[in-house]
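Q: Next up, upload23.txt (compact mmCIF, C-alpha atoms).
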```
# COMPACT_ATOMS: atom_id res chain seq x y z
CA MET A 1 -5.87 21.66 8.20
CA ALA A 2 -2.98 19.25 7.67
CA ILE A 3 -5.51 16.42 7.37
CA VAL A 4 -7.37 18.26 4.61
CA ALA A 5 -4.13 18.99 2.73
CA THR A 6 -3.03 15.36 3.04
CA SER A 7 -6.39 14.03 1.91
CA VAL A 8 -6.61 16.33 -1.09
CA ALA A 9 -3.01 15.57 -2.11
CA THR A 10 -3.82 11.87 -1.94
CA PHE A 11 -7.19 11.96 -3.68
CA ILE A 12 -5.78 13.89 -6.66
CA SER A 13 -3.65 10.91 -7.70
CA ARG A 14 -6.50 8.46 -7.29
CA PHE A 15 -9.03 10.55 -9.18
CA MET A 16 -6.60 11.34 -11.99
CA GLY A 17 -6.01 7.61 -12.21
CA ALA A 18 -9.73 6.91 -12.51
CA LEU A 19 -10.05 9.52 -15.27
CA THR A 20 -7.03 8.23 -17.19
CA SER A 21 -8.35 4.67 -16.87
CA GLU A 22 -11.36 5.53 -19.03
CA LYS A 23 -9.08 6.02 -22.01
CA VAL A 24 -6.80 3.06 -21.41
CA SER A 25 -7.59 -0.35 -22.85
CA VAL A 26 -6.53 -3.48 -20.97
CA LYS A 27 -4.85 -4.86 -24.05
CA SER A 28 -2.83 -1.74 -24.86
CA LYS A 29 0.89 -1.25 -24.41
CA VAL A 30 0.18 1.81 -22.27
CA PHE A 31 -1.68 -0.35 -19.79
CA GLN A 32 1.23 -2.79 -19.57
CA TRP A 33 3.63 0.06 -19.02
CA PHE A 34 1.49 1.50 -16.23
CA ASN A 35 1.30 -1.95 -14.71
CA CYS A 36 5.10 -2.27 -14.64
CA VAL A 37 5.52 1.25 -13.25
CA ALA A 38 2.92 0.58 -10.53
CA TYR A 39 4.68 -2.56 -9.37
CA SER A 40 8.13 -1.00 -9.40
CA THR A 41 6.99 2.18 -7.61
CA LEU A 42 5.47 0.01 -4.93
CA ALA A 43 8.63 -2.09 -4.73
CA ALA A 44 10.69 1.10 -4.46
CA LEU A 45 8.55 2.28 -1.55
CA LEU A 46 8.95 -1.06 0.21
CA GLY A 47 12.68 -1.24 -0.41
CA ARG A 48 12.99 2.21 1.10
CA MET A 49 10.81 1.27 4.08
CA ILE A 50 13.15 -1.60 4.91
CA ILE A 51 16.52 0.03 4.16
CA PHE A 52 15.75 3.64 5.17
CA PRO A 53 12.66 3.41 7.36
CA ALA A 54 10.84 6.39 8.84
CA GLY A 55 9.45 6.43 12.36
CA VAL A 56 9.99 3.79 15.02
CA LEU A 57 11.32 1.19 12.60
CA ALA A 58 14.47 3.31 12.26
CA ASP A 59 15.39 2.30 15.81
CA SER A 60 15.96 -1.32 14.81
CA ALA A 61 19.18 -2.55 13.21
CA LEU A 62 19.25 -2.86 9.41
CA PHE A 63 20.48 -6.46 9.37
CA VAL A 64 17.75 -7.47 11.82
CA ARG A 65 15.06 -5.98 9.55
CA VAL A 66 16.45 -7.71 6.48
CA PHE A 67 16.84 -10.97 8.39
CA VAL A 68 13.23 -10.87 9.63
CA LEU A 69 12.00 -10.03 6.13
CA VAL A 70 13.89 -12.94 4.53
CA ILE A 71 12.66 -15.44 7.14
CA CYS A 72 9.07 -14.30 6.70
CA ILE A 73 9.24 -14.47 2.91
CA LEU A 74 10.59 -18.03 3.19
CA VAL A 75 7.73 -18.94 5.53
CA PHE A 76 5.29 -17.42 3.03
CA VAL A 77 6.74 -19.44 0.15
CA PHE A 78 6.83 -22.72 2.08
CA SER A 79 3.40 -22.34 3.72
CA LYS A 80 1.56 -22.44 0.37
CA LYS A 81 1.37 -18.65 0.36
CA ASN A 82 -0.26 -18.28 3.74
CA LEU A 83 -0.11 -14.60 4.71
CA VAL A 84 -1.31 -14.73 8.29
CA ILE A 85 1.60 -16.79 9.65
CA PRO A 86 4.47 -14.70 8.22
CA THR A 87 2.87 -11.40 9.19
CA ILE A 88 2.30 -12.42 12.82
CA LEU A 89 5.75 -14.00 12.92
CA SER A 90 7.40 -10.79 11.64
CA ALA A 91 6.05 -8.72 14.54
CA ILE A 92 7.09 -11.31 17.13
CA LEU A 93 10.57 -11.77 15.64
CA LEU A 94 11.37 -8.08 15.37
CA SER A 95 10.05 -7.27 18.85
CA PHE A 96 12.12 -10.15 20.20
CA PHE A 97 15.37 -9.27 18.42
CA ASN A 98 14.99 -5.63 19.28
CA SER A 99 14.52 -6.25 22.99
CA ILE A 100 17.68 -8.40 23.40
CA MET B 1 -27.34 -0.94 -8.18
CA ILE B 2 -24.67 -3.00 -6.48
CA ASN B 3 -24.61 -6.76 -6.87
CA HIS B 4 -24.75 -7.94 -3.24
CA LYS B 5 -23.32 -11.38 -3.82
CA ILE B 6 -20.26 -10.05 -5.59
CA PHE B 7 -19.91 -7.23 -3.07
CA LEU B 8 -19.86 -9.78 -0.24
CA GLN B 9 -17.34 -11.87 -2.13
CA GLY B 10 -15.05 -8.84 -2.16
CA LEU B 11 -15.74 -8.13 1.51
CA LYS B 12 -14.89 -11.73 2.39
CA SER B 13 -11.33 -11.24 1.17
CA LEU B 14 -10.74 -10.05 4.75
CA LYS B 15 -11.07 -13.64 5.98
CA GLY B 16 -8.94 -16.74 5.64
CA SER B 17 -5.28 -17.62 5.30
CA ARG B 18 -4.60 -14.70 2.96
CA SER B 19 -6.35 -12.17 5.16
CA PRO B 20 -5.04 -8.59 5.07
CA ALA B 21 -6.71 -7.81 8.40
CA ILE B 22 -3.60 -8.49 10.50
CA PRO B 23 -1.13 -6.34 8.55
CA LEU B 24 -3.75 -3.61 8.15
CA GLY B 25 -4.52 -3.80 11.85
CA ALA B 26 -0.87 -3.72 12.84
CA CYS B 27 0.04 -0.68 10.78
CA PHE B 28 -3.03 1.38 11.57
CA ILE B 29 -2.75 0.63 15.30
CA ALA B 30 0.81 1.94 15.09
CA LEU B 31 -0.45 4.95 13.13
CA GLY B 32 -3.15 5.67 15.71
CA ALA B 33 -0.49 5.69 18.44
CA LEU B 34 1.76 7.95 16.34
CA LEU B 35 -1.05 10.42 15.64
CA LYS B 36 -1.70 10.69 19.36
CA ASP B 37 1.99 11.43 19.84
CA ALA B 38 1.81 14.09 17.15
CA GLY B 39 -0.92 15.86 19.10
CA PHE B 40 -4.05 14.91 17.18
CA ASN B 41 -7.27 14.17 19.02
CA LEU B 42 -9.30 10.99 18.50
CA GLN B 43 -11.71 12.49 15.96
CA GLN B 44 -8.89 13.97 13.90
CA SER B 45 -7.03 10.65 13.88
CA ALA B 46 -10.10 8.77 12.70
CA ALA B 47 -10.78 11.47 10.11
CA SER B 48 -7.23 11.14 8.81
CA SER B 49 -7.76 7.45 8.03
CA LEU B 50 -11.30 8.11 6.79
CA PHE B 51 -10.31 10.77 4.27
CA THR B 52 -6.70 9.97 3.40
CA TYR B 53 -6.54 6.20 3.85
CA ALA B 54 -3.00 5.86 2.55
CA LEU B 55 -0.53 4.98 5.23
CA PRO B 56 2.76 6.39 3.88
CA GLY B 57 1.07 9.74 3.27
CA GLN B 58 -0.38 9.81 6.77
CA LEU B 59 3.03 8.98 8.21
CA VAL B 60 4.59 11.82 6.24
CA MET B 61 1.91 14.18 7.53
CA ALA B 62 2.39 13.18 11.17
CA GLU B 63 6.16 13.38 10.97
CA SER B 64 6.16 16.68 9.09
CA LEU B 65 3.91 18.16 11.74
CA LEU B 66 6.22 16.93 14.48
CA VAL B 67 9.13 18.81 12.91
CA GLY B 68 6.94 21.85 12.24
CA ALA B 69 6.67 21.81 8.44
CA SER B 70 4.28 24.21 6.68
CA ILE B 71 1.00 23.14 5.07
CA VAL B 72 2.42 23.67 1.59
CA ASN B 73 5.42 21.50 2.39
CA ILE B 74 3.17 18.80 3.77
CA PHE B 75 0.98 18.94 0.67
CA ILE B 76 3.96 18.50 -1.66
CA ALA B 77 5.59 15.76 0.42
CA VAL B 78 2.33 13.81 0.63
CA TRP B 79 1.62 14.26 -3.06
CA LEU B 80 5.05 12.91 -3.96
CA VAL B 81 4.81 9.87 -1.71
CA ASN B 82 1.23 9.08 -2.73
CA PHE B 83 1.76 9.69 -6.43
CA ARG B 84 2.17 5.93 -6.74
CA LEU B 85 -1.62 5.73 -6.47
CA TYR B 86 -1.88 7.20 -9.97
CA PRO B 87 -0.16 4.38 -11.89
CA MET B 88 -1.77 1.91 -9.51
CA THR B 89 -5.25 3.17 -10.38
CA VAL B 90 -4.50 3.16 -14.10
CA SER B 91 -3.23 -0.41 -13.89
CA LEU B 92 -6.34 -1.62 -12.04
CA PHE B 93 -9.41 0.31 -13.16
CA PRO B 94 -9.34 -0.69 -16.84
CA LEU B 95 -9.64 -4.30 -15.59
CA LEU B 96 -12.81 -3.39 -13.69
CA ASP B 97 -14.33 -1.35 -16.49
CA HIS B 98 -17.69 -2.31 -17.96
CA LYS B 99 -20.08 -0.28 -20.10
CA SER B 100 -23.14 -1.24 -18.07
CA GLN B 101 -21.72 0.22 -14.86
CA PRO B 102 -22.30 3.88 -13.93
CA LYS B 103 -19.27 6.16 -13.76
CA TRP B 104 -19.92 7.41 -10.23
CA LYS B 105 -19.01 3.97 -8.94
CA TYR B 106 -15.54 4.39 -10.38
CA TYR B 107 -15.11 7.99 -9.27
CA LEU B 108 -16.15 7.28 -5.69
CA SER B 109 -14.49 3.90 -5.28
CA CYS B 110 -11.10 5.18 -6.41
CA HIS B 111 -10.83 6.46 -2.84
CA PHE B 112 -10.41 2.85 -1.68
CA LEU B 113 -7.28 2.49 -3.74
CA ALA B 114 -4.39 1.70 -1.44
CA VAL B 115 -1.61 -0.85 -1.60
CA THR B 116 -3.49 -3.55 0.30
CA SER B 117 -6.75 -3.32 -1.62
CA TRP B 118 -4.89 -3.02 -4.91
CA LEU B 119 -2.86 -6.17 -4.31
CA ILE B 120 -5.98 -8.12 -3.30
CA ALA B 121 -7.91 -6.92 -6.33
CA LYS B 122 -5.02 -7.72 -8.68
CA ASP B 123 -4.85 -11.16 -7.13
CA GLY B 124 -8.56 -11.95 -7.37
CA TYR B 125 -10.21 -10.05 -10.24
CA LYS B 126 -9.92 -12.91 -12.75
CA LYS B 127 -12.36 -15.02 -10.75
CA ILE B 128 -15.09 -12.41 -11.16
CA ASP B 129 -17.22 -11.87 -14.23
CA LYS B 130 -16.13 -8.67 -16.00
CA LYS B 131 -19.57 -7.10 -15.62
CA ASN B 132 -19.47 -7.26 -11.81
CA ARG B 133 -15.83 -6.57 -11.06
CA ILE B 134 -16.43 -3.03 -9.84
CA ASP B 135 -18.78 -4.37 -7.15
CA PHE B 136 -16.14 -6.88 -6.11
CA TRP B 137 -13.71 -3.97 -5.84
CA ILE B 138 -16.13 -1.91 -3.76
CA GLY B 139 -16.45 -4.92 -1.41
CA ILE B 140 -12.69 -5.16 -0.99
CA GLY B 141 -12.47 -1.39 -0.57
CA ILE B 142 -15.16 -1.07 2.10
CA GLY B 143 -13.64 -4.00 4.01
CA THR B 144 -10.06 -2.73 4.07
CA TRP B 145 -11.03 0.90 4.55
CA SER B 146 -13.31 0.27 7.54
CA THR B 147 -10.69 -2.01 9.10
CA ALA B 148 -8.14 0.79 8.75
CA ILE B 149 -10.37 3.39 10.42
CA LEU B 150 -11.35 1.06 13.26
CA MET B 151 -7.73 0.10 13.91
CA THR B 152 -6.61 3.74 13.93
CA VAL B 153 -9.13 4.38 16.73
CA ILE B 154 -7.96 1.28 18.62
CA GLY B 155 -4.33 2.33 18.20
CA TYR B 156 -5.08 5.82 19.47
CA LEU B 157 -6.91 4.51 22.52
CA SER B 158 -4.27 1.92 23.35
CA ALA B 159 -1.26 4.20 22.73
CA ASP B 160 -0.37 4.31 26.42
CA TYR B 161 -0.12 0.53 26.62
CA LEU B 162 2.13 0.09 23.60
CA ASN B 163 5.82 0.16 24.40
CA LYS B 164 8.51 0.84 21.86
CA ASP B 165 9.40 -2.79 21.17
CA ILE B 166 5.77 -3.59 20.38
CA LEU B 167 5.50 -0.58 18.08
CA ILE B 168 8.65 -1.59 16.21
CA GLY B 169 7.24 -5.10 15.84
CA LEU B 170 3.98 -3.69 14.47
CA ALA B 171 5.84 -1.45 12.03
CA ILE B 172 7.54 -4.34 10.20
CA VAL B 173 4.28 -6.25 9.60
CA ASN B 174 3.12 -4.10 6.73
CA PRO B 175 6.28 -4.21 4.57
CA VAL B 176 6.51 -7.96 5.17
CA TYR B 177 2.90 -8.43 4.04
CA PHE B 178 3.42 -6.28 0.95
CA PHE B 179 6.62 -8.06 -0.01
CA CYS B 180 4.90 -11.45 0.30
CA MET B 181 1.98 -10.25 -1.83
CA MET B 182 4.33 -8.89 -4.47
CA ILE B 183 6.36 -12.06 -4.60
CA GLY B 184 3.07 -13.90 -5.05
CA ALA B 185 2.34 -11.56 -7.97
CA MET B 186 5.66 -12.21 -9.76
CA LYS B 187 4.11 -14.54 -12.30
CA ASN B 188 5.77 -13.20 -15.43
CA LEU B 189 9.12 -11.73 -16.39
CA SER B 190 8.10 -8.08 -16.66
CA ILE B 191 6.50 -7.95 -13.20
CA SER B 192 9.47 -9.80 -11.71
CA ILE B 193 11.90 -7.29 -13.19
CA ALA B 194 9.66 -4.42 -12.05
CA VAL B 195 9.56 -5.68 -8.46
CA ILE B 196 13.26 -6.54 -8.16
CA GLY B 197 14.36 -3.40 -10.00
CA GLY B 198 12.15 -1.17 -7.89
CA THR B 199 13.33 -2.74 -4.64
CA ILE B 200 16.96 -2.04 -5.56
CA LEU B 201 16.51 1.38 -7.16
CA GLY B 202 14.16 2.76 -4.49
CA PRO B 203 16.70 2.88 -1.66
CA PHE B 204 19.52 3.67 -4.09
CA ILE B 205 17.93 6.80 -5.55
CA TYR B 206 16.82 7.75 -2.04
CA LEU B 207 20.49 8.38 -1.32
CA ILE B 208 20.51 11.06 -4.02
CA SER B 209 17.06 12.60 -3.55
CA THR B 210 14.77 11.66 -0.70
CA GLU B 211 11.65 13.27 -2.15
CA TRP B 212 11.86 12.18 -5.77
CA ALA B 213 13.19 8.67 -5.10
CA LEU B 214 9.89 6.84 -5.48
CA LEU B 215 8.85 8.61 -8.64
CA PHE B 216 12.17 8.09 -10.43
CA ALA B 217 12.77 4.56 -9.18
CA GLY B 218 9.27 3.57 -10.26
CA LEU B 219 9.57 5.16 -13.69
CA ILE B 220 13.03 3.79 -14.43
CA ALA B 221 12.53 0.25 -13.12
CA GLY B 222 9.02 0.07 -14.57
CA THR B 223 10.14 1.19 -18.02
CA ILE B 224 13.06 -1.27 -18.02
CA ALA B 225 10.66 -4.05 -17.00
CA PHE B 226 8.19 -3.04 -19.71
CA LEU B 227 10.82 -2.96 -22.47
CA PHE B 228 12.72 -6.04 -21.43
CA GLY B 229 9.80 -8.17 -20.21
CA GLY B 230 7.75 -7.39 -23.31
CA LYS B 231 10.54 -8.42 -25.68
CA ASN B 232 10.70 -11.84 -24.10
CA GLY B 233 7.02 -12.48 -24.69
CA GLU B 234 5.73 -11.74 -21.21
```
The structure in this file should be written as structure tokens.

A:
Amino acid sequence: MAIVATSVATFISRFMGALTSEKVSVKSKVFQWFNCVAYSTLAALLGRMIIFPAGVLADSALFVRVFVLVICILVFVFSKKNLVIPTILSAILLSFFNSI
Amino acid sequence: MINHKIFLQGLKSLKGSRSPAIPLGACFIALGALLKDAGFNLQQSAASSLFTYALPGQLVMAESLLVGASIVNIFIAVWLVNFRLYPMTVSLFPLLDHKSQPKWKYYLSCHFLAVTSWLIAKDGYKKIDKKNRIDFWIGIGIGTWSTAILMTVIGYLSADYLNKDILIGLAIVNPVYFFCMMIGAMKNLSISIAVIGGTILGPFIYLISTEWALLFAGLIAGTIAFLFGGKNGE
């Protein structure tokens, strides 16, 4: 039952988006605004996940999470935007710092 | 009906040095383990990823159930956290639009819209001819979606072998991946303002209202980015 409720609540936003998209032109101002809002909503979600995480992540220290994030972003930037290395590194680093 | 070459090109985004398979795997393995904790059986856990396929919403569901929230409360909480999918769809689908393509492709494939697939599509759509972009998107979608379902099952089955330190390590992978992808996407002023503004406002507004934080932070930071970034000529 909860799965059905969750799925319906999620699909509504996607389907509404697909319907709205039919009326939105790529060149329009509205499209640019939606683009900005999409990126900032996503960024807001991520900022919250790091600062006020839910679930197991809440059991790690805030400065450790931020530290791991900064290191991994630096690795990403300096590895010609490789995504595999920083993501694997993040799990190892946080597990390590959290166990000491 | 579907252009196979382009479809495979989308599917292949799972490979290589920019592969989303590891972050997707990490977070859905953690989710599988959490769903087992929350009392779901294997079929229900797989169904959750099959039909919802949006991690933050699934986390909200599992955690709400653990604290005994009602179905209506779960519905509202999930809707609020997954509302981001609406602006995300509107900022992607017009790019994939082509008159020659049937509408059902768009209506069905909007289910694949999640942060990972969206970021990959935004990153790669320019390389694909406008006529075939929807097939490229379906390729990305099928790839990320099936990975998510498979990893949920693996996470569920391996829950007993995952200790807390491993689970915490797995939980950070996804935000790290998303942050890297977003920093890669900060190619013009408006998107840079949107990303930085959202990152700051998200946790800040969360202090005032936990449920509405995402919606307001996204609207405010996005509108500032639109007004300010536009004035400075992209």

Q: Using only C-alpha atoms, determine which residues lie at most 9 Å from Asn3 of chain B, disregarding the query and same-chain residues fewer than 6 positions distant; provide the list as a list in words.

A: Asn132, Asp135 and Phe136 of chain B

Q: Quick one, how far is atom CA of Met1 of chain B from atom CA of Val8 of chain A?

A: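 The value is 27.9 Å.
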
Q: Within 6 Å of Gly218 of chain B, counting all atoms listed in the file, which residues show up once you throw out same-chain ones fewer than 2 positions away? Write them as a PyMOL selection string, please.

A: (chain A and resi 37+40-41) or (chain B and resi 214-216+220-222)

Q: Residues near Cys36 of chain A, anyone? I mean within 9 Å using only C-alpha atoms, not counting same-chain ones fewer than 6 positions away, as a ChimeraX atom specification.

A: /B:87,91,190-191,193-195,218-219,221-226

Q: Using C-alpha atoms, can you write the selected residues to a file as a CSV table (one decimal), keeping the file's coordinate frame?

A:
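Written file, result_21.csv:
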```
chain,number,residue,atom,x,y,z
B,87,PRO,CA,-0.2,4.4,-11.9
B,91,SER,CA,-3.2,-0.4,-13.9
B,190,SER,CA,8.1,-8.1,-16.7
B,191,ILE,CA,6.5,-8.0,-13.2
B,193,ILE,CA,11.9,-7.3,-13.2
B,194,ALA,CA,9.7,-4.4,-12.0
B,195,VAL,CA,9.6,-5.7,-8.5
B,218,GLY,CA,9.3,3.6,-10.3
B,219,LEU,CA,9.6,5.2,-13.7
B,221,ALA,CA,12.5,0.2,-13.1
B,222,GLY,CA,9.0,0.1,-14.6
B,223,THR,CA,10.1,1.2,-18.0
B,224,ILE,CA,13.1,-1.3,-18.0
B,225,ALA,CA,10.7,-4.0,-17.0
B,226,PHE,CA,8.2,-3.0,-19.7
```

Q: Find, counting all atoms listed in the file, the residue in A:Phe52, A:Phe63, A:Phe97, A:Tyr39 that gets nearest to Ala217 of chain B.

A: A:Tyr39

Q: What does the structure give for the distance between atom CA of Phe31 of chain A and atom CA of Gly139 of chain B, in Å to one decimal?

A: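 Interatomic distance here is 24.0 Å.
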
Q: For a test of reading the model, state the distance in Å between atom CA of Lys131 of chain B and atom CA of Met181 of chain B, rounded to one decimal.

A: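 Going from atom CA of Lys131 of chain B over to atom CA of Met181 of chain B, I get 25.8 Å.
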
Q: List the neighbours of Glu22 of chain A out to 9 Å using only C-alpha atoms; skip same-chain residues closer than 2 positions along the sequence, and give me the result as a PyMOL selection string.

A: (chain A and resi 17-20+24-25) or (chain B and resi 90+93-94+97)

Q: Counting all atoms listed in the file, what is within 12 Å of segment 211-213 of chain B, bar same-chain residues fewer than 2 positions away, as a ChimeraX atom specification?

A: /A:40-48,52 /B:60,73-74,76-84,198-209,215-221

Q: Can you work out which one of B:Leu85, B:Leu189, B:Val153, B:Leu119 has the shortest atom-to-atom distance to chain A, counting only C-alpha atoms?

A: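 Under the stated criterion, the closest residue is B:Leu85.
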
Q: Take segment 16-27 of chain A, bring it up to N, CA and C atoms, and give me the output as a PDB file, in the frame of the given file.

A:
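out.pdb, written as the output of this step:
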```
ATOM      1  N   MET A  16      -7.266  11.253 -10.690  1.00  0.00           N
ATOM      2  CA  MET A  16      -6.600  11.340 -11.990  1.00  0.00           C
ATOM      3  C   MET A  16      -6.474   9.952 -12.604  1.00  0.00           C
ATOM      4  N   GLY A  17      -6.146   8.999 -11.761  1.00  0.00           N
ATOM      5  CA  GLY A  17      -6.010   7.610 -12.210  1.00  0.00           C
ATOM      6  C   GLY A  17      -7.318   7.081 -12.763  1.00  0.00           C
ATOM      7  N   ALA A  18      -8.420   7.378 -12.057  1.00  0.00           N
ATOM      8  CA  ALA A  18      -9.730   6.910 -12.510  1.00  0.00           C
ATOM      9  C   ALA A  18     -10.088   7.546 -13.847  1.00  0.00           C
ATOM     10  N   LEU A  19      -9.755   8.839 -14.014  1.00  0.00           N
ATOM     11  CA  LEU A  19     -10.050   9.520 -15.270  1.00  0.00           C
ATOM     12  C   LEU A  19      -9.213   8.950 -16.416  1.00  0.00           C
ATOM     13  N   THR A  20      -7.906   8.766 -16.148  1.00  0.00           N
ATOM     14  CA  THR A  20      -7.030   8.230 -17.190  1.00  0.00           C
ATOM     15  C   THR A  20      -7.475   6.828 -17.600  1.00  0.00           C
ATOM     16  N   SER A  21      -7.949   6.064 -16.615  1.00  0.00           N
ATOM     17  CA  SER A  21      -8.350   4.670 -16.870  1.00  0.00           C
ATOM     18  C   SER A  21      -9.425   4.560 -17.937  1.00  0.00           C
ATOM     19  N   GLU A  22     -10.274   5.596 -18.048  1.00  0.00           N
ATOM     20  CA  GLU A  22     -11.360   5.530 -19.030  1.00  0.00           C
ATOM     21  C   GLU A  22     -10.832   5.455 -20.447  1.00  0.00           C
ATOM     22  N   LYS A  23      -9.617   5.974 -20.635  1.00  0.00           N
ATOM     23  CA  LYS A  23      -9.080   6.020 -22.010  1.00  0.00           C
ATOM     24  C   LYS A  23      -8.096   4.897 -22.280  1.00  0.00           C
ATOM     25  N   VAL A  24      -7.827   4.083 -21.254  1.00  0.00           N
ATOM     26  CA  VAL A  24      -6.800   3.060 -21.410  1.00  0.00           C
ATOM     27  C   VAL A  24      -7.445   1.682 -21.569  1.00  0.00           C
ATOM     28  N   SER A  25      -7.052   0.995 -22.629  1.00  0.00           N
ATOM     29  CA  SER A  25      -7.590  -0.350 -22.850  1.00  0.00           C
ATOM     30  C   SER A  25      -6.681  -1.384 -22.195  1.00  0.00           C
ATOM     31  N   VAL A  26      -7.294  -2.443 -21.678  1.00  0.00           N
ATOM     32  CA  VAL A  26      -6.530  -3.480 -20.970  1.00  0.00           C
ATOM     33  C   VAL A  26      -5.465  -4.102 -21.863  1.00  0.00           C
ATOM     34  N   LYS A  27      -5.783  -4.174 -23.149  1.00  0.00           N
ATOM     35  CA  LYS A  27      -4.850  -4.860 -24.050  1.00  0.00           C
ATOM     36  C   LYS A  27      -3.722  -3.964 -24.537  1.00  0.00           C
TER      37      LYS A  27
END
```
